file work_8.txt (compact mmCIF, C-alpha atoms)
# COMPACT_ATOMS: atom_id res chain seq x y z
CA MET A 1 11.88 2.02 -15.32
CA LEU A 2 13.14 5.08 -17.23
CA ARG A 3 15.55 2.96 -19.25
CA PHE A 4 12.67 0.83 -20.54
CA ALA A 5 10.49 3.85 -21.23
CA LEU A 6 13.31 5.36 -23.31
CA LEU A 7 13.85 2.08 -25.14
CA GLY A 8 10.11 1.91 -25.86
CA PHE A 9 10.20 5.33 -27.48
CA LEU A 10 13.44 4.57 -29.36
CA LEU A 11 11.96 1.37 -30.76
CA ARG A 12 9.28 3.48 -32.41
CA GLN A 13 11.75 5.90 -34.00
CA PRO A 14 15.25 7.32 -33.47
CA MET A 15 15.18 10.38 -31.20
CA THR A 16 17.37 12.96 -29.51
CA GLY A 17 17.37 13.41 -25.76
CA TYR A 18 15.25 16.52 -26.23
CA ASP A 19 12.80 14.57 -28.43
CA LEU A 20 12.52 11.95 -25.68
CA ALA A 21 11.86 14.61 -23.03
CA THR A 22 9.06 16.00 -25.22
CA ALA A 23 7.64 12.51 -25.81
CA ILE A 24 7.58 11.83 -22.07
CA ARG A 25 6.08 15.23 -21.25
CA THR A 26 3.23 14.64 -23.71
CA SER A 27 2.49 11.05 -22.75
CA ILE A 28 3.60 9.31 -19.55
CA ASN A 29 4.78 12.29 -17.51
CA PHE A 30 1.89 12.02 -15.06
CA VAL A 31 2.96 8.48 -14.10
CA TRP A 32 6.71 8.61 -14.74
CA PRO A 33 8.20 12.10 -15.02
CA ALA A 34 11.82 12.55 -16.06
CA GLN A 35 14.14 15.53 -16.17
CA LEU A 36 16.31 16.12 -19.23
CA SER A 37 19.44 15.42 -17.14
CA GLN A 38 18.02 12.01 -16.09
CA ILE A 39 17.20 11.22 -19.70
CA TYR A 40 20.73 11.99 -20.92
CA ARG A 41 22.29 10.05 -18.03
CA THR A 42 20.07 7.05 -18.80
CA LEU A 43 20.80 7.28 -22.54
CA SER A 44 24.51 7.13 -21.73
CA GLN A 45 23.90 4.02 -19.61
CA LEU A 46 21.88 2.44 -22.42
CA GLU A 47 24.76 3.06 -24.82
CA ASP A 48 27.34 1.73 -22.35
CA SER A 49 25.33 -1.47 -21.96
CA GLY A 50 24.85 -1.90 -25.73
CA LEU A 51 21.08 -1.38 -25.64
CA ALA A 52 21.21 1.85 -27.68
CA VAL A 53 23.57 3.58 -30.08
CA SER A 54 23.85 7.18 -31.13
CA GLU A 55 25.16 9.11 -34.05
CA VAL A 56 25.81 12.77 -34.49
CA GLU A 57 23.85 14.51 -37.21
CA PRO A 58 25.42 17.78 -38.36
CA GLN A 59 23.04 20.70 -38.85
CA GLN A 60 23.47 23.92 -40.80
CA GLY A 61 23.73 26.94 -38.50
CA LYS A 62 22.73 24.95 -35.40
CA PRO A 63 24.50 22.67 -32.97
CA ASP A 64 24.85 19.07 -34.11
CA ARG A 65 22.16 16.64 -32.97
CA ARG A 66 22.90 13.33 -31.23
CA VAL A 67 20.24 10.87 -32.33
CA TYR A 68 19.71 7.65 -30.40
CA SER A 69 18.36 4.32 -31.66
CA ALA A 70 17.66 1.06 -29.89
CA THR A 71 19.88 -1.88 -30.82
CA ASP A 72 18.76 -5.48 -31.33
CA ALA A 73 19.94 -6.15 -27.78
CA GLY A 74 17.82 -3.19 -26.66
CA ARG A 75 14.78 -4.66 -28.42
CA ARG A 76 15.35 -8.04 -26.76
CA ALA A 77 15.77 -6.42 -23.32
CA PHE A 78 12.64 -4.31 -23.86
CA ASP A 79 10.61 -7.30 -25.06
CA ALA A 80 11.75 -9.35 -22.05
CA TRP A 81 10.80 -6.50 -19.67
CA LEU A 82 7.44 -5.98 -21.39
CA GLY A 83 6.70 -9.70 -21.18
CA GLU A 84 7.28 -9.93 -17.43
CA LEU A 85 4.03 -10.26 -15.51
CA VAL A 86 3.50 -7.57 -12.89
CA THR A 87 2.47 -9.49 -9.77
CA GLU A 88 2.81 -6.78 -7.13
CA ARG A 89 1.55 -3.26 -6.79
CA ASP A 90 4.22 -0.58 -6.70
CA PRO A 91 4.21 1.45 -3.50
CA ILE A 92 2.65 4.84 -3.97
CA ARG A 93 4.53 7.73 -2.46
CA VAL A 94 2.60 10.94 -2.11
CA PRO A 95 4.56 13.51 -0.10
CA PHE A 96 1.49 15.75 0.15
CA LEU A 97 -0.48 13.04 1.99
CA VAL A 98 2.33 12.53 4.50
CA ARG A 99 2.28 16.26 5.22
CA PHE A 100 -1.51 16.29 5.34
CA PHE A 101 -1.50 13.35 7.79
CA PHE A 102 0.25 15.57 10.33
CA SER A 103 -1.73 18.75 9.66
CA GLY A 104 -4.19 18.31 12.55
CA SER A 105 -2.25 20.89 14.55
CA ARG A 106 -2.79 23.54 11.87
CA SER A 107 -5.84 25.74 11.67
CA THR A 108 -8.72 24.47 9.54
CA GLU A 109 -8.34 27.57 7.39
CA ASP A 110 -4.66 26.85 6.67
CA THR A 111 -5.38 23.20 5.92
CA VAL A 112 -8.29 24.06 3.63
CA THR A 113 -6.10 26.61 1.82
CA GLN A 114 -3.49 23.92 1.16
CA LEU A 115 -6.19 21.50 0.00
CA ARG A 116 -7.55 24.10 -2.42
CA VAL A 117 -4.08 24.65 -3.88
CA MET A 118 -3.75 20.90 -4.42
CA ARG A 119 -7.25 20.77 -5.89
CA ASP A 120 -6.34 23.43 -8.44
CA LEU A 121 -3.24 21.44 -9.45
CA HIS A 122 -5.27 18.27 -9.94
CA VAL A 123 -7.97 20.12 -11.91
CA LYS A 124 -5.23 21.47 -14.22
CA ASP A 125 -3.82 17.97 -14.68
CA ARG A 126 -7.26 16.48 -15.29
CA ASP A 127 -8.19 19.15 -17.83
CA ARG A 128 -4.86 18.86 -19.68
CA LEU A 129 -5.23 15.09 -19.82
CA ALA A 130 -8.82 15.41 -21.06
CA ASP A 131 -8.43 18.33 -23.47
CA GLU A 132 -4.85 18.39 -24.82
CA LEU A 133 -3.46 14.90 -24.59
CA PRO A 134 -5.92 13.16 -26.97
CA GLN A 135 -4.70 15.36 -29.85
CA GLU A 136 -1.08 14.77 -28.86
CA ILE A 137 -1.69 11.01 -28.85
CA THR A 138 -3.21 11.19 -32.34
CA ALA A 139 -0.26 13.25 -33.60
CA ALA A 140 2.31 10.94 -31.97
CA ALA A 141 0.65 7.85 -33.45
CA ALA A 142 0.75 9.43 -36.91
CA ARG A 143 4.47 10.18 -36.80
CA THR A 144 5.80 7.02 -35.16
CA GLU A 145 6.07 3.41 -36.19
CA GLY A 146 3.82 1.37 -33.97
CA THR A 147 0.92 -1.00 -33.90
CA GLU A 148 -2.74 -0.33 -34.58
CA LEU A 149 -3.42 -0.81 -30.87
CA ASP A 150 -0.93 1.84 -29.74
CA PRO A 151 -3.35 4.81 -29.90
CA LEU A 152 -5.99 2.85 -27.96
CA ILE A 153 -3.50 1.75 -25.30
CA TRP A 154 -1.96 5.22 -25.06
CA ASP A 155 -5.41 6.73 -24.66
CA SER A 156 -6.25 4.17 -21.96
CA VAL A 157 -3.17 5.30 -20.00
CA ARG A 158 -4.22 8.92 -20.52
CA ARG A 159 -7.71 8.09 -19.29
CA ALA A 160 -6.29 6.43 -16.15
CA GLY A 161 -4.44 9.67 -15.42
CA GLU A 162 -7.56 11.72 -16.01
CA MET A 163 -9.56 9.48 -13.68
CA MET A 164 -6.85 9.61 -10.98
CA ALA A 165 -6.85 13.40 -11.13
CA GLN A 166 -10.65 13.47 -10.81
CA THR A 167 -10.45 11.11 -7.84
CA TRP A 168 -8.08 13.54 -6.14
CA VAL A 169 -10.49 16.43 -6.84
CA ASP A 170 -13.40 14.44 -5.39
CA TRP A 171 -11.39 13.43 -2.31
CA ILE A 172 -10.24 17.01 -1.70
CA ASP A 173 -13.79 18.37 -2.04
CA GLU A 174 -15.06 15.77 0.42
CA THR A 175 -12.20 16.42 2.85
CA ILE A 176 -12.72 20.20 2.78
CA GLU A 177 -16.40 19.67 3.51
CA ARG A 178 -15.62 17.32 6.41
CA LEU A 179 -13.06 19.72 7.88
CA GLN A 180 -15.41 22.67 7.65
CA ARG A 181 -18.22 20.68 9.23
CA ALA A 182 -15.93 19.55 12.07
CA ASP A 183 -14.91 23.18 12.62
CA GLY A 184 -18.56 24.26 12.82
CA GLN A 185 -18.44 26.10 9.50
CA PRO A 186 -21.05 25.78 6.81
CA PRO A 187 -19.54 23.79 3.89
CA GLN A 188 -18.44 26.00 0.98
CA ALA A 189 -17.70 25.14 -2.59

call {"tool": "encode", "arguments": {"input": "work_8.txt", "output": "structure tokens"}}
result
Amino acid sequence: MLRFALLGFLLRQPMTGYDLATAIRTSINFVWPAQLSQIYRTLSQLEDSGLAVSEVEPQQGKPDRRVYSATDAGRRAFDAWLGELVTERDPIRVPFLVRFFFSGSRSTEDTVTQLRVMRDLHVKDRDRLADELPQEITAAAARTEGTELDPLIWDSVRRAGEMMAQTWVDWIDETIERLQRADGQPPQA
């Protein structure tokens, strides 16, 4: 999946590995995160398979930059991937829920504490997606070559992330209330 994400970005404009990491962090990170080391490894694979090329750009007083571009073969591979119909849901792996599944032996207080920590993380994600990402989408659309629909589609993906984060917050609030009720405690906010 990362190889196609990188090709998608490179088809909009040539980028360095660092540029790609920034693009991912400010767009699809909540659904497909990638570390800089993964990005460079995948870029090398894209070059080896002829889907991308790079050139070194010298810089004054700074290290040279390696800038990557998608090739025609990369565009064809990306277009073929994009055109494939998705007919199955991807399995969702949520390590927290596996841990939570087995937390019945823990005290309600400990479990609620963990749930509140997770709630705070999801609130942060939701707020970032709602407050910061729309401006980043507008800025990215202005500086890249794309279609008129790109900002709308990008914002729809952002909105899906925002809604998923809110669903987590709602589920955690409900679960805390249920746990406290089961433990004979008055529900707390």

call {"tool": "atom_distance", "arguments": {"input": "work_8.txt", "atom1": "atom CA of A:Leu82", "atom2": "atom CA of A:Gln166"}}
result
28.6 Å

call {"tool": "residues_around", "arguments": {"input": "work_8.txt", "residues": "A:Glu47", "least_positions_apart": "5", "cutoff": "9 Å", "atoms": "all atoms listed in the file", "output": "count of residues only"}}
result
6

call {"tool": "closest_atom_pairs", "arguments": {"input": "work_8.txt", "of": "stretch 39-149 of chain A", "to": "stretch 8-19 of chain A", "cutoff": "6 Å", "atoms": "all atoms listed in the file", "output": "CSV"}}
result
residue,atom,partner,partner_atom,distance
A:Arg66,CA,A:Thr16,CA,5.8
A:Val67,CA,A:Thr16,CA,4.5
A:Tyr68,CA,A:Met15,CA,5.3
A:Ser69,CA,A:Pro14,CA,4.7
A:Ala70,CA,A:Leu10,CA,5.5
A:Thr144,CA,A:Arg12,CA,5.7
A:Glu145,CA,A:Arg12,CA,5.0

call {"tool": "atom_distance", "arguments": {"input": "work_8.txt", "atom1": "atom CA of A:Thr22", "atom2": "atom CA of A:Leu36"}}
result
9.4 Å

call {"tool": "closest_atom_pairs", "arguments": {"input": "work_8.txt", "of": "stretch 45-101 of chain A", "to": "stretch 106-128 of chain A", "cutoff": "12 Å", "atoms": "all atoms listed in the file", "output": "tab-separated table"}}
result
residue	atom	partner	partner_atom	distance
A:Pro95	CA	A:Met118	CA	11.9
A:Phe96	CA	A:Met118	CA	8.7
A:Leu97	CA	A:Leu115	CA	10.4
A:Arg99	CA	A:Thr111	CA	10.4
A:Phe100	CA	A:Thr111	CA	7.9
A:Phe101	CA	A:Thr111	CA	10.8

call {"tool": "atom_distance", "arguments": {"input": "work_8.txt", "atom1": "atom CA of A:Arg3", "atom2": "atom CA of A:Arg75"}}
result
11.9 Å

call {"tool": "residues_around", "arguments": {"input": "work_8.txt", "residues": "stretch 24-27 of chain A", "least_positions_apart": "3", "cutoff": "7 Å", "atoms": "only C-alpha atoms", "output": "list in words"}}
result
Leu20, Ala21, Leu133 and Glu136 of chain A

call {"tool": "write_last_selection", "arguments": {"input": "work_8.txt", "atoms": "C-alpha atoms", "output": "JSON list (two decimals), keeping the file's coordinate frame"}}
result
[["chain", "number", "residue", "atom", "x", "y", "z"],
["A", 20, "LEU", "CA", 12.52, 11.95, -25.68],
["A", 21, "ALA", "CA", 11.86, 14.61, -23.03],
["A", 133, "LEU", "CA", -3.46, 14.90, -24.59],
["A", 136, "GLU", "CA", -1.08, 14.77, -28.86]]

call {"tool": "closest_residue", "arguments": {"input": "work_8.txt", "among": "A:Thr175, A:Gln185, A:Gln35, A:Ser49", "to": "A:Ala77", "atoms": "only C-alpha atoms"}}
result
A:Ser49

call {"tool": "closest_atom_pairs", "arguments": {"input": "work_8.txt", "of": "stretch 20-47 of chain A", "to": "stretch 157-165 of chain A", "cutoff": "9 Å", "atoms": "all atoms listed in the file", "output": "JSON lines"}}
result
{"residue": "A:Ser27", "atom": "CA", "partner": "A:Arg158", "partner_atom": "CA", "distance": 7.4}
{"residue": "A:Ile28", "atom": "CA", "partner": "A:Val157", "partner_atom": "CA", "distance": 7.9}
{"residue": "A:Phe30", "atom": "CA", "partner": "A:Gly161", "partner_atom": "CA", "distance": 6.8}
{"residue": "A:Val31", "atom": "CA", "partner": "A:Gly161", "partner_atom": "CA", "distance": 7.6}

call {"tool": "closest_residue", "arguments": {"input": "work_8.txt", "among": "A:Ser156, A:Thr147, A:Ser37, A:Ser103", "to": "A:Ala130", "atoms": "only C-alpha atoms"}}
result
A:Ser156

call {"tool": "closest_residue", "arguments": {"input": "work_8.txt", "among": "A:Ala34, A:Leu6, A:Val169, A:Ala23", "to": "A:Arg143", "atoms": "all atoms listed in the file"}}
result
A:Ala23

call {"tool": "closest_residue", "arguments": {"input": "work_8.txt", "among": "A:Asp64, A:Glu84, A:Glu174, A:Asp72", "to": "A:Gly50", "atoms": "all atoms listed in the file"}}
result
A:Asp72

call {"tool": "closest_residue", "arguments": {"input": "work_8.txt", "among": "A:Ala73, A:Leu85, A:Leu2, A:Val94", "to": "A:Pro33", "atoms": "all atoms listed in the file"}}
result
A:Leu2
